[in-house]
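Trainee: Take a look at query_0.txt, compact mmCIF, C-alpha atoms:
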```txt
# COMPACT_ATOMS: atom_id res chain seq x y z
CA MET A 1 -12.03 42.85 50.59
CA GLN A 2 -14.75 41.11 52.62
CA ILE A 3 -17.53 38.98 51.15
CA ASP A 4 -20.54 37.10 52.55
CA ALA A 5 -19.15 33.71 53.65
CA ARG A 6 -22.36 31.98 52.53
CA GLY A 7 -21.70 32.90 48.91
CA PRO A 8 -18.70 30.60 48.31
CA ARG A 9 -20.50 27.71 50.01
CA PHE A 10 -23.48 28.26 47.72
CA GLY A 11 -21.11 28.28 44.77
CA ALA A 12 -19.50 25.07 46.00
CA ALA A 13 -22.92 23.39 46.22
CA ILE A 14 -23.78 24.35 42.65
CA THR A 15 -20.32 23.27 41.52
CA LEU A 16 -20.87 19.93 43.21
CA VAL A 17 -24.01 19.29 41.13
CA VAL A 18 -22.31 20.45 37.95
CA LEU A 19 -19.33 18.16 38.50
CA LEU A 20 -21.61 15.20 39.18
CA LEU A 21 -23.14 15.84 35.77
CA VAL A 22 -19.70 16.26 34.20
CA ILE A 23 -18.65 12.84 35.43
CA TYR A 24 -21.94 11.09 34.69
CA PHE A 25 -22.23 12.40 31.14
CA GLU A 26 -18.45 12.65 30.64
CA SER A 27 -19.20 16.12 29.33
CA ALA A 28 -16.17 18.12 28.23
CA LEU A 29 -18.39 21.07 27.37
CA LEU A 30 -19.82 21.26 30.87
CA LEU A 31 -16.34 21.00 32.37
CA ALA A 32 -15.12 23.76 30.08
CA ILE A 33 -17.96 26.03 31.22
CA GLN A 34 -17.26 25.21 34.88
CA THR A 35 -13.55 25.86 34.33
CA LEU A 36 -14.42 29.24 32.84
CA PHE A 37 -16.52 30.05 35.93
CA TRP A 38 -13.59 28.99 38.14
CA ALA A 39 -11.30 31.25 36.14
CA ILE A 40 -13.60 34.21 36.70
CA GLY A 41 -13.75 33.40 40.40
CA ALA A 42 -9.99 32.96 40.65
CA PHE A 43 -8.90 36.07 38.77
CA ALA A 44 -11.77 38.49 39.35
CA GLY A 45 -13.08 37.18 42.66
CA PRO A 46 -15.75 34.61 43.55
CA HIS A 47 -18.30 37.38 43.96
CA LYS A 48 -17.83 38.22 40.27
CA SER A 49 -18.48 34.67 39.04
CA PRO A 50 -21.93 33.66 37.71
CA TYR A 51 -22.61 31.67 40.90
CA GLY A 52 -21.69 34.74 42.95
CA PHE A 53 -24.08 36.80 40.89
CA VAL A 54 -26.90 34.28 41.39
CA PHE A 55 -26.20 34.20 45.12
CA LYS A 56 -26.22 37.95 45.43
CA THR A 57 -29.37 38.56 43.37
CA LEU A 58 -31.57 35.52 43.98
CA VAL A 59 -30.40 33.65 47.11
CA LYS A 60 -29.07 36.20 49.58
CA PRO A 61 -32.21 38.39 49.62
CA ARG A 62 -34.19 35.31 50.66
CA LEU A 63 -31.86 34.28 53.48
CA LYS A 64 -32.61 35.25 57.03
CA GLY A 65 -30.01 36.92 59.16
CA VAL A 66 -26.75 38.55 58.25
CA GLY A 67 -23.98 36.33 57.00
CA GLU A 68 -20.53 36.49 58.49
CA LEU A 69 -18.04 38.36 56.34
CA GLU A 70 -14.78 36.73 55.33
CA ASN A 71 -11.67 37.76 53.46
CA VAL A 72 -12.09 37.12 49.73
CA LYS A 73 -8.62 35.56 49.40
CA PRO A 74 -9.33 32.04 50.76
CA PRO A 75 -12.36 31.35 48.52
CA GLN A 76 -10.55 33.03 45.64
CA PHE A 77 -7.65 30.64 46.13
CA ALA A 78 -10.10 27.73 46.25
CA GLN A 79 -11.44 28.88 42.86
CA LEU A 80 -7.88 28.84 41.54
CA VAL A 81 -7.42 25.27 42.73
CA GLY A 82 -10.66 24.30 41.01
CA PHE A 83 -9.51 26.09 37.85
CA LEU A 84 -6.29 24.08 37.85
CA PHE A 85 -8.22 20.81 38.23
CA GLY A 86 -10.46 21.92 35.37
CA VAL A 87 -7.51 22.69 33.16
CA VAL A 88 -6.00 19.26 33.83
CA GLY A 89 -9.34 17.66 33.01
CA LEU A 90 -9.56 19.57 29.74
CA ILE A 91 -6.00 18.58 28.90
CA GLY A 92 -7.20 15.02 29.37
CA VAL A 93 -9.92 15.68 26.82
CA ALA A 94 -7.43 17.24 24.41
CA ILE A 95 -5.09 14.24 24.55
CA GLY A 96 -7.97 11.76 24.38
CA SER A 97 -7.54 10.42 27.91
CA SER A 98 -10.87 9.94 29.64
CA THR A 99 -8.94 8.66 32.69
CA VAL A 100 -7.17 12.01 33.18
CA PHE A 101 -10.45 13.82 32.52
CA LEU A 102 -12.40 11.78 35.07
CA ILE A 103 -9.72 11.72 37.78
CA ALA A 104 -9.15 15.48 37.62
CA THR A 105 -12.91 16.05 37.77
CA ALA A 106 -13.20 13.58 40.66
CA PHE A 107 -10.66 15.55 42.69
CA ALA A 108 -12.55 18.76 42.00
CA LEU A 109 -15.78 16.99 42.99
CA ALA A 110 -14.24 15.91 46.29
CA ALA A 111 -13.05 19.46 47.02
CA ALA A 112 -16.47 20.94 46.18
CA PHE A 113 -18.19 18.31 48.34
CA LEU A 114 -15.93 19.01 51.34
CA ASN A 115 -16.45 22.74 50.93
CA SER A 116 -20.22 22.71 50.56
CA VAL A 117 -21.02 20.00 53.13
CA PHE A 118 -18.26 20.40 55.73
CA ASN A 119 -17.19 24.01 55.06
CA PHE A 120 -13.66 22.68 54.55
CA CYS A 121 -11.46 24.44 52.01
CA LEU A 122 -9.14 21.73 50.70
CA GLY A 123 -7.00 24.10 48.68
CA CYS A 124 -6.56 26.48 51.61
CA GLU A 125 -5.46 23.57 53.80
CA MET A 126 -3.02 22.32 51.21
CA TYR A 127 -1.46 25.75 50.77
CA LEU A 128 0.78 25.53 53.81
CA LEU A 129 1.76 21.94 53.02
CA LEU A 130 2.74 22.99 49.52
CA VAL A 131 4.82 25.88 50.88
CA ARG A 132 6.51 23.55 53.38
CA ALA A 133 7.32 21.19 50.50
CA ARG A 134 8.70 24.18 48.58
CA LEU A 135 6.32 23.49 45.70
CA ILE A 136 4.92 27.01 45.91
CA ARG A 137 5.77 30.14 47.76
CA MET B 1 -15.40 3.24 33.46
CA ASN B 2 -18.52 2.88 35.57
CA HIS B 3 -19.33 6.50 36.32
CA TRP B 4 -21.73 5.77 39.14
CA LEU B 5 -19.04 3.74 40.88
CA LEU B 6 -16.58 6.62 40.54
CA ILE B 7 -19.11 9.15 41.86
CA ALA B 8 -20.08 6.89 44.76
CA SER B 9 -16.44 6.24 45.62
CA VAL B 10 -15.54 9.91 45.59
CA LEU B 11 -18.53 10.88 47.72
CA ALA B 12 -17.96 8.02 50.16
CA LEU B 13 -14.27 8.80 50.63
CA SER B 14 -14.97 12.53 50.90
CA SER B 15 -17.67 11.90 53.47
CA ALA B 16 -15.35 9.71 55.51
CA PHE B 17 -12.62 12.33 55.36
CA GLY B 18 -15.06 15.12 56.20
CA LEU B 19 -16.39 13.23 59.20
CA PHE B 20 -12.83 12.49 60.32
CA LEU B 21 -12.07 16.20 60.20
CA HIS B 22 -15.30 17.07 61.95
CA PHE B 23 -14.52 14.81 64.90
CA THR B 24 -10.79 15.43 65.18
CA ARG B 25 -10.22 19.08 64.36
CA GLY B 26 -10.83 22.00 66.62
CA LYS B 27 -10.07 19.92 69.70
CA LEU B 28 -7.17 20.13 72.09
CA THR B 29 -4.47 17.60 71.26
CA LYS B 30 -1.40 16.74 73.24
CA LYS B 31 1.77 18.73 72.89
CA TYR B 32 4.19 17.71 70.22
CA SER B 33 7.37 18.09 72.24
CA ASN B 34 8.51 18.45 75.83
CA GLU B 35 11.62 20.26 74.75
CA ILE B 36 10.64 23.32 72.80
CA LEU B 37 10.56 26.46 74.88
CA PHE B 38 8.64 29.54 73.78
CA ASN B 39 11.62 31.78 74.49
CA GLN B 40 13.76 29.74 72.10
CA LEU B 41 11.42 30.43 69.20
CA LYS B 42 12.67 33.99 68.69
CA ILE B 43 9.24 35.45 68.22
CA GLY B 44 10.38 38.58 70.02
CA GLN B 45 7.51 38.65 72.47
CA ASP B 46 7.23 38.03 76.19
CA LEU B 47 5.66 35.03 77.87
CA GLY B 48 2.32 35.53 79.54
CA LYS B 49 2.34 35.23 83.35
CA LYS B 50 -0.26 32.43 83.22
CA ALA B 51 -0.18 31.22 79.63
CA THR B 52 0.77 32.19 76.10
CA ILE B 53 -1.29 31.50 73.02
CA LEU B 54 0.36 31.35 69.61
CA LEU B 55 -1.83 31.31 66.50
CA PHE B 56 -0.34 30.16 63.21
CA LYS B 57 -2.28 31.62 60.31
CA THR B 58 -1.90 32.00 56.57
CA GLU B 59 -3.26 34.45 54.05
CA TYR B 60 -5.66 31.79 52.75
CA CYS B 61 -7.01 30.68 56.09
CA SER B 62 -10.70 31.56 56.06
CA THR B 63 -11.33 30.80 59.74
CA CYS B 64 -8.27 32.56 61.14
CA PRO B 65 -9.70 36.11 61.43
CA GLY B 66 -12.75 34.83 63.31
CA LEU B 67 -10.59 32.69 65.57
CA LYS B 68 -8.36 35.66 66.35
CA ARG B 69 -11.40 37.69 67.35
CA GLN B 70 -12.67 34.83 69.55
CA ILE B 71 -9.35 34.49 71.36
CA ASN B 72 -9.05 38.25 71.90
CA GLU B 73 -12.60 38.32 73.26
CA LEU B 74 -11.96 35.45 75.66
CA ILE B 75 -8.71 36.82 77.11
CA LYS B 76 -9.49 40.53 77.11
CA ASN B 77 -10.04 40.60 80.87
CA ASP B 78 -7.08 38.40 81.76
CA LYS B 79 -3.77 40.23 81.61
CA GLY B 80 -1.92 37.04 82.52
CA ILE B 81 -2.55 35.44 79.13
CA SER B 82 -0.60 36.71 76.15
CA PHE B 83 -1.71 36.11 72.57
CA TYR B 84 0.41 36.35 69.44
CA GLU B 85 -0.15 35.43 65.83
CA VAL B 86 2.41 34.29 63.31
CA ASP B 87 2.12 33.98 59.55
CA ALA B 88 3.12 30.37 58.93
CA VAL B 89 4.38 31.13 55.43
CA GLU B 90 6.51 34.12 56.42
CA ARG B 91 7.90 32.11 59.34
CA ILE B 92 7.99 28.75 57.55
CA GLU B 93 11.05 27.55 59.46
CA LEU B 94 9.28 28.25 62.74
CA ALA B 95 6.21 26.38 61.49
CA LYS B 96 8.41 23.40 60.58
CA LYS B 97 10.18 23.50 63.95
CA LEU B 98 6.83 23.38 65.74
CA HIS B 99 5.42 20.79 63.31
CA VAL B 100 2.63 23.10 62.18
CA LYS B 101 1.14 21.66 59.01
CA SER B 102 -2.11 23.55 58.57
CA SER B 103 -3.77 26.76 59.57
CA PRO B 104 -5.18 27.67 61.90
CA THR B 105 -3.07 25.92 64.49
CA VAL B 106 -3.19 27.32 68.01
CA LEU B 107 -0.42 26.42 70.44
CA PHE B 108 -0.76 26.86 74.19
CA PHE B 109 2.33 27.46 76.32
CA ASN B 110 2.37 27.41 80.11
CA GLU B 111 3.94 30.06 82.32
CA SER B 112 7.32 28.32 81.96
CA GLY B 113 7.13 28.47 78.19
CA LEU B 114 6.58 24.76 77.57
CA GLU B 115 3.87 23.67 75.16
CA GLU B 116 0.81 22.32 76.96
CA GLY B 117 -1.14 21.33 73.88
CA ARG B 118 -2.45 22.55 70.56
CA ILE B 119 -5.62 22.86 68.54
CA VAL B 120 -5.53 22.24 64.80
CA GLY B 121 -8.45 23.78 62.94
CA ALA B 122 -10.95 26.28 64.22
CA PRO B 123 -12.42 25.30 67.58
CA LYS B 124 -15.92 26.14 68.68
CA LYS B 125 -16.03 29.01 71.17
CA ASP B 126 -16.83 26.80 74.16
CA GLN B 127 -13.98 24.44 73.25
CA LEU B 128 -11.61 27.39 73.19
CA ARG B 129 -12.86 28.63 76.56
CA ASN B 130 -12.60 25.13 78.09
CA THR B 131 -9.08 24.75 76.77
CA LEU B 132 -7.97 28.08 78.19
CA GLU B 133 -9.49 27.25 81.56
CA LYS B 134 -7.80 23.86 81.51
CA ILE B 135 -4.42 25.29 80.56
CA THR B 136 -4.47 28.08 83.09
CA THR B 137 -5.88 25.82 85.80
CA ILE B 138 -3.21 23.16 85.57
CA LYS B 139 -0.58 25.16 87.45
CA MET B 140 -3.08 26.22 90.10
CA GLU B 141 -3.97 22.62 90.88
CA LYS B 142 -0.31 21.64 91.27
CA THR B 143 0.33 24.62 93.53
CA ASN B 144 -2.57 23.66 95.75
CA ALA B 145 -1.32 20.07 95.96
CA ASN B 146 2.07 21.33 97.13
```
Would you mind giving the structure from this file in structure tokens?
Mentor:
Amino acid sequence: MQIDARGPRFGAAITLVVLLLVIYFESALLLAIQTLFWAIGAFAGPHKSPYGFVFKTLVKPRLKGVGELENVKPPQFAQLVGFLFGVVGLIGVAIGSSTVFLIATAFALAAAFLNSVFNFCLGCEMYLLLVRARLIR
Amino acid sequence: MNHWLLIASVLALSSAFGLFLHFTRGKLTKKYSNEILFNQLKIGQDLGKKATILLFKTEYCSTCPGLKRQINELIKNDKGISFYEVDAVERIELAKKLHVKSSPTVLFFNESGLEEGRIVGAPKKDQLRNTLEKITTIKMEKTNAN
């Protein structure tokens, strides 16, 4: 399946703002909501997530030009990576460790920043390294 | 923990890393080895008469399809340049042998099958064209000198 490549970058920009708020307010609730959005993006597709819906209905009609289409799998994998960071952060909340919570969120913040500003998918890049290290197949 | 310090640190480090990537990726880098020959890689394809391009991709590489189209567009009128793509995960041992650590990675082999250089990350179209011209010109210059 092909999706508008601008959609995931829009989602990454919104995620960036959300994660800044998560860290600043140390908000477990906000992280839980963001993790839910990542889960939707990872398992149903980024175009099915709330950010994808906002992009499709409110942002895309106002953009000029036609966006390049891309395979849904790379941004979907990026959502999965975000989801995993979110889960680790929430585990930190569950065990009472604000350090785990903040560090996991910080990693997700870095990934969202690189994606939205530099169009660099950290998870996609790490995929091959993880396969080489036999940590995933 | 000072949250502003954490946010600033993350953004500063990410910016530095992003800028590093911006200035280093997508550009031709020197070959990794003088010893690996294309024909030894068991890809099952023939060398191009002028050059051979080998693209390592993965399923999760968002820039690989566009890069493939760019390369095909650039070489469509030059029968002397062959282009092949390899899934780095399916051929993980090959990726390790050629020290391919991310996708896309494009390797350029000369007419003898030796690596001339590689590009890690998606190059801009003019960078790709310049690299192809440089790779296919190298032999011509040596021939003229002889």
Trainee: Please check the contacts: residues of chain A at most 6 Å away from chain B, using all atoms listed in the file, listed as a PDB file with C-alpha atoms, keeping the file's coordinate frame.
Mentor:
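As a result, iface_35.pdb now contains:
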```
ATOM      1  CA  TYR A  24     -21.940  11.090  34.690  1.00  0.00           C
ATOM      2  CA  LYS A  73      -8.620  35.560  49.400  1.00  0.00           C
ATOM      3  CA  PRO A  74      -9.330  32.040  50.760  1.00  0.00           C
ATOM      4  CA  ALA A 110     -14.240  15.910  46.290  1.00  0.00           C
ATOM      5  CA  CYS A 124      -6.560  26.480  51.610  1.00  0.00           C
ATOM      6  CA  GLU A 125      -5.460  23.570  53.800  1.00  0.00           C
ATOM      7  CA  LEU A 128       0.780  25.530  53.810  1.00  0.00           C
TER       8      LEU A 128
END
```
Trainee: At what distance in Å, to one decimal, does atom CA of Lys124 of chain B lie from atom CA of Phe77 of chain A?
Mentor: 24.4 Å
Trainee: Please report the interatomic distance between atom CA of Phe107 of chain A and atom CA of His47 of chain A in Å with one decimal.
Mentor: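 Pair atom CA of Phe107 of chain A / atom CA of His47 of chain A returns 23.2 Å.
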Trainee: Using Å and a single decimal, report how far atom CA of Thr15 of chain A sits from atom CA of Ala32 of chain A.
Mentor: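 Computed distance, atom CA of Ala32 of chain A to atom CA of Thr15 of chain A, equals 12.6 Å.
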Trainee: Have a look at A:Ile136, A:Leu16, A:Leu69, A:Met1 and name the one nearest to Ala112 of chain A; count all atoms listed in the file.
Mentor: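 Under the stated criterion, the closest residue is A:Leu16.
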